[in-house]
file target-v1.txt (compact mmCIF, C-alpha atoms)
# COMPACT_ATOMS: atom_id res chain seq x y z
CA MET A 657 283.12 -9.13 -20.40
CA SER A 658 286.54 -7.51 -20.40
CA GLN A 659 289.28 -6.74 -17.92
CA VAL A 660 288.44 -3.97 -15.46
CA TYR A 661 291.58 -3.89 -13.29
CA ASP A 662 295.19 -4.91 -13.83
CA ARG A 663 295.62 -6.05 -10.22
CA VAL A 664 293.07 -6.80 -7.49
CA ALA A 665 294.02 -7.51 -3.86
CA LEU A 666 291.66 -9.54 -1.69
CA ILE A 667 292.25 -9.04 2.05
CA GLY A 668 290.69 -11.90 3.98
CA LEU A 669 290.09 -15.17 2.14
CA GLY A 670 286.71 -16.49 3.26
CA LEU A 671 283.52 -17.24 1.36
CA ILE A 672 283.08 -13.83 -0.29
CA ALA A 673 286.74 -13.32 -1.28
CA SER A 674 287.12 -16.83 -2.63
CA SER A 675 283.90 -16.48 -4.62
CA MET A 676 285.11 -13.13 -5.95
CA PHE A 677 288.33 -14.74 -7.15
CA TRP A 678 286.56 -17.53 -9.01
CA ALA A 679 284.04 -15.07 -10.49
CA ILE A 680 286.80 -12.67 -11.56
CA LYS A 681 288.65 -15.52 -13.25
CA ARG A 682 285.46 -16.77 -14.92
CA GLY A 683 284.90 -13.34 -16.44
CA GLY A 684 288.52 -12.38 -17.16
CA LEU A 685 287.98 -9.22 -15.11
CA ALA A 686 291.49 -8.72 -13.72
CA GLY A 687 295.02 -9.38 -14.88
CA GLU A 688 296.18 -10.64 -11.49
CA VAL A 689 294.44 -11.34 -8.17
CA VAL A 690 296.58 -11.25 -5.04
CA GLY A 691 295.35 -12.62 -1.72
CA TYR A 692 296.17 -12.22 1.95
CA ALA A 693 294.76 -13.80 5.09
CA ARG A 694 295.82 -13.26 8.69
CA SER A 695 295.99 -17.00 9.39
CA GLN A 696 298.92 -19.03 8.07
CA GLU A 697 296.58 -22.02 7.82
CA THR A 698 294.20 -20.06 5.57
CA ARG A 699 297.07 -18.87 3.37
CA ASP A 700 298.34 -22.45 3.04
CA THR A 701 294.86 -23.68 2.13
CA ALA A 702 294.48 -20.92 -0.47
CA ARG A 703 297.78 -21.88 -2.09
CA ARG A 704 296.85 -25.57 -2.07
CA ILE A 705 293.53 -25.04 -3.86
CA GLY A 706 294.84 -22.39 -6.29
CA LEU A 707 292.86 -19.57 -4.70
CA CYS A 708 294.37 -16.31 -6.03
CA ASP A 709 297.19 -16.00 -8.54
CA ARG A 710 299.51 -15.13 -5.67
CA VAL A 711 299.09 -15.31 -1.89
CA GLU A 712 301.28 -13.01 0.21
CA ASP A 713 302.34 -13.53 3.84
CA ASP A 714 302.53 -9.76 4.39
CA ILE A 715 299.45 -7.55 4.10
CA GLN A 716 301.31 -4.53 2.71
CA ALA A 717 302.96 -6.69 0.06
CA ALA A 718 299.50 -7.92 -0.94
CA VAL A 719 298.11 -4.43 -1.63
CA LYS A 720 301.26 -3.00 -3.23
CA ASP A 721 300.50 -1.70 -6.76
CA ALA A 722 296.91 -2.99 -6.61
CA ASP A 723 294.32 -1.00 -8.56
CA LEU A 724 291.52 -2.36 -6.37
CA VAL A 725 291.78 -3.49 -2.75
CA VAL A 726 288.80 -5.40 -1.32
CA LEU A 727 288.46 -5.66 2.46
CA CYS A 728 286.82 -9.05 3.08
CA VAL A 729 287.28 -9.13 6.85
CA PRO A 730 284.77 -8.90 9.75
CA VAL A 731 283.39 -5.37 10.14
CA GLY A 732 284.86 -5.14 13.64
CA VAL A 733 288.44 -5.14 12.30
CA MET A 734 287.95 -3.08 9.13
CA GLY A 735 289.47 0.04 10.68
CA ALA A 736 292.57 -1.75 11.95
CA VAL A 737 293.12 -3.40 8.57
CA ALA A 738 292.71 -0.07 6.75
CA GLU A 739 295.35 1.44 9.03
CA GLN A 740 297.73 -1.43 8.23
CA ILE A 741 297.42 -1.18 4.45
CA ALA A 742 297.27 2.62 4.13
CA PRO A 743 301.04 3.25 3.76
CA ALA A 744 301.31 0.70 0.93
CA LEU A 745 298.34 1.85 -1.21
CA LYS A 746 299.26 3.32 -4.55
CA ALA A 747 297.91 6.70 -5.62
CA GLY A 748 294.69 6.36 -7.61
CA ALA A 749 293.80 2.96 -6.18
CA THR A 750 290.24 2.14 -5.16
CA VAL A 751 289.47 0.58 -1.78
CA THR A 752 286.17 -1.18 -1.19
CA ASP A 753 284.73 -3.63 1.30
CA VAL A 754 282.07 -6.33 1.47
CA GLY A 755 280.75 -5.69 4.99
CA SER A 756 277.04 -5.90 5.71
CA VAL A 757 277.13 -2.68 7.76
CA LYS A 758 278.10 0.54 6.02
CA LYS A 759 277.94 3.65 8.26
CA ASN A 760 280.15 2.11 10.94
CA VAL A 761 282.63 0.77 8.38
CA ILE A 762 282.91 4.15 6.67
CA GLU A 763 283.61 5.84 10.00
CA ALA A 764 286.25 3.21 10.84
CA VAL A 765 288.01 3.00 7.48
CA ALA A 766 287.87 6.42 5.80
CA PRO A 767 290.07 8.33 8.29
CA HIS A 768 292.99 5.96 7.65
CA LEU A 769 293.01 6.20 3.85
CA PRO A 770 295.23 8.73 2.05
CA ASN A 771 293.52 11.44 0.00
CA SER A 772 295.01 9.95 -3.18
CA VAL A 773 292.89 6.80 -2.77
CA HIS A 774 289.20 6.38 -3.70
CA PHE A 775 286.96 4.68 -1.11
CA VAL A 776 283.78 3.10 -2.49
CA PRO A 777 282.12 0.96 0.22
CA GLY A 778 280.15 -2.03 -1.03
CA HIS A 779 278.01 -4.93 0.10
CA PRO A 780 277.21 -7.99 -2.03
CA LEU A 781 273.88 -9.44 -0.86
CA ALA A 782 274.99 -13.02 -1.32
CA GLY A 783 276.25 -15.76 0.93
CA THR A 784 275.74 -19.19 2.36
CA GLU A 785 275.98 -20.57 5.88
CA HIS A 786 279.47 -21.86 5.03
CA SER A 787 282.71 -19.96 5.50
CA GLY A 788 286.42 -20.32 4.77
CA PRO A 789 288.56 -20.32 1.63
CA GLU A 790 287.20 -23.63 0.33
CA SER A 791 283.55 -22.51 0.49
CA GLY A 792 283.65 -20.08 -2.45
CA PHE A 793 282.26 -20.62 -5.95
CA ALA A 794 282.04 -18.43 -9.04
CA GLU A 795 278.23 -18.43 -9.24
CA LEU A 796 277.61 -17.01 -5.75
CA PHE A 797 276.83 -13.50 -7.05
CA ASP A 798 274.81 -14.45 -10.13
CA ASN A 799 271.52 -12.49 -10.17
CA ARG A 800 272.14 -11.24 -6.63
CA TRP A 801 272.44 -7.57 -5.68
CA CYS A 802 275.54 -5.60 -4.77
CA LEU A 803 274.93 -2.26 -3.06
CA LEU A 804 277.53 0.49 -3.49
CA ILE A 805 277.73 3.54 -1.25
CA THR A 806 278.77 6.33 -3.59
CA ASP A 807 277.40 9.51 -2.00
CA GLN A 808 280.84 10.40 -0.60
CA THR A 809 282.87 9.20 -3.58
CA ALA A 810 284.61 12.11 -5.26
CA ASP A 811 285.75 10.15 -8.33
CA ARG A 812 282.79 8.93 -10.38
CA SER A 813 284.98 6.73 -12.60
CA ALA A 814 286.19 4.76 -9.54
CA ALA A 815 282.58 3.92 -8.65
CA ASP A 816 281.75 3.08 -12.28
CA ASP A 817 284.72 0.69 -12.56
CA LEU A 818 283.73 -1.08 -9.35
CA ALA A 819 280.15 -1.39 -10.55
CA ARG A 820 281.45 -2.85 -13.82
CA LEU A 821 283.46 -5.44 -11.87
CA TRP A 822 280.42 -6.52 -9.84
CA ARG A 823 278.26 -6.75 -12.95
CA GLY A 824 281.00 -8.81 -14.57
CA MET A 825 280.83 -11.18 -11.58
CA GLY A 826 277.11 -11.65 -12.20
CA SER A 827 275.61 -9.12 -9.78
CA ASN A 828 272.93 -6.51 -10.21
CA VAL A 829 274.27 -3.20 -8.86
CA GLU A 830 272.45 -0.40 -7.09
CA GLU A 831 273.71 2.71 -5.28
CA MET A 832 272.46 3.69 -1.84
CA GLU A 833 273.26 6.01 1.05
CA ALA A 834 274.92 4.42 4.08
CA ASP A 835 272.14 5.13 6.63
CA HIS A 836 269.45 3.78 4.35
CA HIS A 837 271.54 0.69 3.58
CA ASP A 838 271.88 -0.11 7.28
CA LEU A 839 268.13 0.21 7.87
CA VAL A 840 267.26 -1.94 4.84
CA LEU A 841 269.70 -4.65 5.91
CA ALA A 842 268.40 -4.57 9.48
CA VAL A 843 265.04 -5.61 8.01
CA THR A 844 266.17 -8.07 5.35
CA SER A 845 269.16 -9.72 7.01
CA HIS A 846 270.29 -8.65 10.47
CA THR A 847 267.06 -9.04 12.45
CA PRO A 848 266.09 -12.34 10.72
CA HIS A 849 269.46 -13.75 11.71
CA LEU A 850 269.01 -12.60 15.31
CA ILE A 851 265.57 -14.21 15.42
CA ALA A 852 266.98 -17.44 13.99
CA TYR A 853 269.72 -17.55 16.60
CA THR A 854 267.09 -16.94 19.29
CA MET A 855 264.73 -19.66 18.03
CA VAL A 856 267.52 -22.22 17.88
CA GLY A 857 268.58 -21.18 21.39
CA VAL A 858 265.04 -21.70 22.68
CA ALA A 859 264.89 -25.10 20.98
CA ASP A 860 268.18 -26.03 22.61
CA ASP A 861 266.59 -25.34 26.01
CA LEU A 862 263.63 -27.52 25.02
CA ARG A 863 265.94 -30.25 23.80
CA ARG A 864 267.26 -30.68 27.32
CA VAL A 865 263.71 -31.48 28.42
CA SER A 866 262.62 -33.57 25.46
CA GLU A 867 265.92 -35.32 24.77
CA SER A 868 266.48 -35.57 21.02
CA GLU A 869 262.95 -34.81 19.83
CA VAL A 870 263.66 -31.23 18.70
CA ILE A 871 266.43 -32.51 16.44
CA LYS A 872 264.68 -35.74 15.43
CA TYR A 873 261.44 -34.05 14.41
CA SER A 874 262.84 -30.81 13.01
CA ALA A 875 260.57 -30.26 10.02
CA SER A 876 261.25 -27.49 7.50
CA GLY A 877 260.48 -24.55 9.81
CA PHE A 878 263.02 -25.28 12.52
CA ARG A 879 265.43 -26.76 9.97
CA ASP A 880 265.51 -23.48 8.04
CA PHE A 881 266.12 -21.51 11.24
CA THR A 882 269.13 -23.72 11.97
CA ARG A 883 270.54 -23.09 8.50
CA ILE A 884 270.56 -19.33 9.08
CA ALA A 885 271.89 -19.74 12.62
CA ALA A 886 274.85 -21.76 11.30
CA SER A 887 276.42 -18.55 9.93
CA ASP A 888 279.80 -17.29 11.12
CA PRO A 889 279.50 -16.13 14.77
CA THR A 890 282.36 -13.61 14.60
CA MET A 891 280.86 -11.87 11.59
CA TRP A 892 277.39 -11.65 13.15
CA ARG A 893 278.66 -10.46 16.52
CA ASP A 894 280.38 -7.59 14.74
CA VAL A 895 277.32 -6.85 12.58
CA PHE A 896 275.02 -6.37 15.56
CA LEU A 897 277.52 -4.29 17.50
CA SER A 898 278.14 -2.14 14.42
CA ASN A 899 274.52 -1.64 13.38
CA LYS A 900 272.94 -1.13 16.80
CA GLU A 901 270.48 1.67 16.03
CA ALA A 902 268.83 0.17 12.96
CA THR A 903 268.72 -3.35 14.39
CA LEU A 904 267.16 -2.17 17.67
CA GLU A 905 264.58 -0.13 15.75
CA ILE A 906 263.51 -3.14 13.70
CA LEU A 907 263.57 -5.40 16.75
CA GLY A 908 261.20 -2.96 18.47
CA ARG A 909 258.80 -3.15 15.54
CA PHE A 910 259.10 -6.95 15.49
CA THR A 911 258.26 -7.09 19.19
CA GLU A 912 255.14 -4.97 18.61
CA GLU A 913 254.00 -7.30 15.81
CA LEU A 914 254.67 -10.32 18.00
CA PHE A 915 252.58 -8.89 20.84
CA ALA A 916 249.72 -8.25 18.38
CA LEU A 917 249.87 -11.87 17.19
CA GLN A 918 249.98 -13.12 20.78
CA ARG A 919 246.86 -11.11 21.52
CA ALA A 920 245.08 -12.47 18.43
CA ILE A 921 245.90 -16.06 19.38
CA ARG A 922 244.86 -15.52 23.00
CA GLN A 923 241.55 -13.94 21.94
CA GLY A 924 240.87 -16.47 19.19
CA ASP A 925 240.92 -13.74 16.52
CA GLY A 926 241.17 -15.93 13.43
CA ASP A 927 240.39 -13.08 11.03
CA HIS A 928 243.40 -11.09 12.22
CA LEU A 929 245.70 -14.11 11.87
CA HIS A 930 244.39 -15.00 8.40
CA ASP A 931 244.70 -11.42 7.13
CA TYR A 932 248.21 -11.10 8.55
CA PHE A 933 249.41 -14.39 7.04
CA THR A 934 247.82 -13.53 3.68
CA ARG A 935 249.63 -10.19 3.56
CA THR A 936 252.99 -11.64 4.55
CA ARG A 937 252.63 -14.58 2.15
CA ALA A 938 252.47 -12.08 -0.71
CA ILE A 939 255.93 -10.82 0.24
CA ARG A 940 257.28 -14.34 -0.23
CA ARG A 941 255.72 -14.47 -3.69
CA GLY A 942 257.40 -11.18 -4.52
CA ILE A 943 260.82 -12.57 -3.54
CA VAL A 944 260.33 -15.56 -5.85
CA GLU A 945 259.05 -13.36 -8.70
CA ALA A 946 262.15 -11.16 -8.32
CA GLY A 947 264.32 -14.23 -8.93
CA GLN A 948 265.86 -14.13 -5.44
CA ASP A 949 264.66 -17.63 -4.48
CA THR A 950 262.93 -20.66 -5.94
CA ASP A 951 259.32 -21.75 -5.52
CA ALA A 952 260.31 -25.39 -5.98
CA PRO A 953 258.80 -27.72 -3.35
CA ASP A 954 260.84 -27.83 -0.14
CA PHE A 955 262.86 -24.82 -1.39
CA GLY A 956 264.47 -26.85 -4.16
CA ARG A 957 266.16 -29.35 -1.84
CA GLY A 958 266.89 -32.83 -3.09
CA LYS A 959 264.57 -35.68 -2.10
CA ALA A 960 267.25 -37.10 0.19
CA LEU A 961 266.82 -34.08 2.48
call {"tool": "encode", "arguments": {"input": "target-v1.txt", "output": "structure tokens"}}
result
Amino acid sequence: MSQVYDRVALIGLGLIASSMFWAIKRGGLAGEVVGYARSQETRDTARRIGLCDRVEDDIQAAVKDADLVVLCVPVGVMGAVAEQIAPALKAGATVTDVGSVKKNVIEAVAPHLPNSVHFVPGHPLAGTEHSGPESGFAELFDNRWCLLITDQTADRSAADDLARLWRGMGSNVEEMEADHHDLVLAVTSHTPHLIAYTMVGVADDLRRVSESEVIKYSASGFRDFTRIAASDPTMWRDVFLSNKEATLEILGRFTEELFALQRAIRQGDGDHLHDYFTRTRAIRRGIVEAGQDTDAPDFGRGKAL
């Protein structure tokens, strides 16, 4: 691996940005990485743990002379942040983001950027339920996918450089149109998170009736729902408000499937249930075979868990 950019600016210093910094340093992919976070506490933490080569207290100072600016903020504030940094962006710089919604982000960010800047939206399909500057680690993107939205990118070399950076950080890279991205993510990420939040909410109602039993006897099924539902609430609020159409479409399909399963259970239709579970189990096998999860017992957790 070799250096891709002289200077990279990371705006927002949570899980993704901190992991990007450690991965960039691991691969020697940038000469200098500058960071900025809105919160003084976050900036202080970043300086204390050595996150970024330099942390600025001013957002425009952070992006000044940067070859690549990465917006690592909730999708709901992407437009406002783009407006803030626009006057300080150097000609020829590339701006990208890591938001899990793309059409809405493009509509919010693109109008604020000068014509001399290249905008290549992106989305690394990696994360944990943890957040904050201390949660990042260099291996987060290894063998995960990063999707780049390049159909509106005029400068092919800007997209190629960004793809090279993500590959250098360990990612597989694929290009996709914004609308298709949002539909795919509604299936693979957004709706599963909404269902997890709902299931944990239902269990919380039950917990009031059955005291601590829901928590005490939470076997792997409920436990895994709670892991997903522990994700950052601000980020997920913005995701659902920004990807309404695709999420509602997939939720409608989910509701139809759920009604069909309810009917099968009510009517004692074991064949339908067995066929359905057999088909969906094969999808899980495909995820493991693609290297996107482990088939170790109990999902690879230690015995203590």
call {"tool": "closest_residue", "arguments": {"input": "target-v1.txt", "among": "A:Arg694, A:Ile762, A:Met734, A:Asp798", "to": "A:Gly947", "atoms": "all atoms listed in the file"}}
result
A:Asp798
call {"tool": "residues_around", "arguments": {"input": "target-v1.txt", "residues": "A:Asp714", "least_positions_apart": "6", "cutoff": "12 Å", "atoms": "all atoms listed in the file", "output": "list in words"}}
result
Ile667, Val690, Gly691, Tyr692, Ala693, Arg694, Ser695, Gln696, Arg699, Lys720, Gln740, Ile741 and Ala744 of chain A
call {"tool": "closest_residue", "arguments": {"input": "target-v1.txt", "among": "A:Gly826, A:Gly857, A:Pro777, A:Pro743", "to": "A:Ala679", "atoms": "only C-alpha atoms"}}
result
A:Gly826
call {"tool": "atom_distance", "arguments": {"input": "target-v1.txt", "atom1": "atom CA of A:Ala852", "atom2": "atom CA of A:Leu907"}}
result
12.8 Å
call {"tool": "closest_residue", "arguments": {"input": "target-v1.txt", "among": "A:Val843, A:Leu929, A:Leu917, A:Val856", "to": "A:Leu904", "atoms": "all atoms listed in the file"}}
result
A:Val843
call {"tool": "residues_near_point", "arguments": {"input": "target-v1.txt", "point": "(275.2, -16.1, -10.2)", "cutoff": "10 Å", "atoms": "only C-alpha atoms", "output": "list in words"}}
result
Ala679, Ala782, Phe793, Ala794, Glu795, Leu796, Phe797, Asp798, Asn799, Arg800, Met825, Gly826, Ser827 and Asn828 of chain A
call {"tool": "closest_residue", "arguments": {"input": "target-v1.txt", "among": "A:Ala749, A:Ala717, A:Cys708, A:Ala673", "to": "A:Pro780", "atoms": "all atoms listed in the file"}}
result
A:Ala673
call {"tool": "closest_residue", "arguments": {"input": "target-v1.txt", "among": "A:Val754, A:Gly942, A:Ala665, A:Leu727", "to": "A:Glu712", "atoms": "only C-alpha atoms"}}
result
A:Ala665
call {"tool": "residues_near_point", "arguments": {"input": "target-v1.txt", "point": "(276.6, -7.5, 9.6)", "cutoff": "10 Å", "atoms": "all atoms listed in the file", "output": "PyMOL selection string"}}
result
chain A and resi 730-732+754-758+779+838+841-842+845-846+849+890-899
call {"tool": "atom_distance", "arguments": {"input": "target-v1.txt", "atom1": "atom CA of A:Asp807", "atom2": "atom CA of A:Met832"}}
result
7.6 Å
call {"tool": "closest_residue", "arguments": {"input": "target-v1.txt", "among": "A:Gly824, A:Ala946, A:Arg704, A:Gly783", "to": "A:Gly684", "atoms": "only C-alpha atoms"}}
result
A:Gly824
call {"tool": "atom_distance", "arguments": {"input": "target-v1.txt", "atom1": "atom CA of A:Ile884", "atom2": "atom CA of A:Asp860"}}
result
15.3 Å
call {"tool": "axis_aligned_box", "arguments": {"input": "target-v1.txt", "around": "stretch 778-789 of chain A", "padding_each_side": "3 Å", "output": "AutoDock Vina command-line options"}}
result
--center_x 281.2 --center_y -11.9 --center_z 1.9 --size_x 20.7 --size_y 25.8 --size_z 13.9
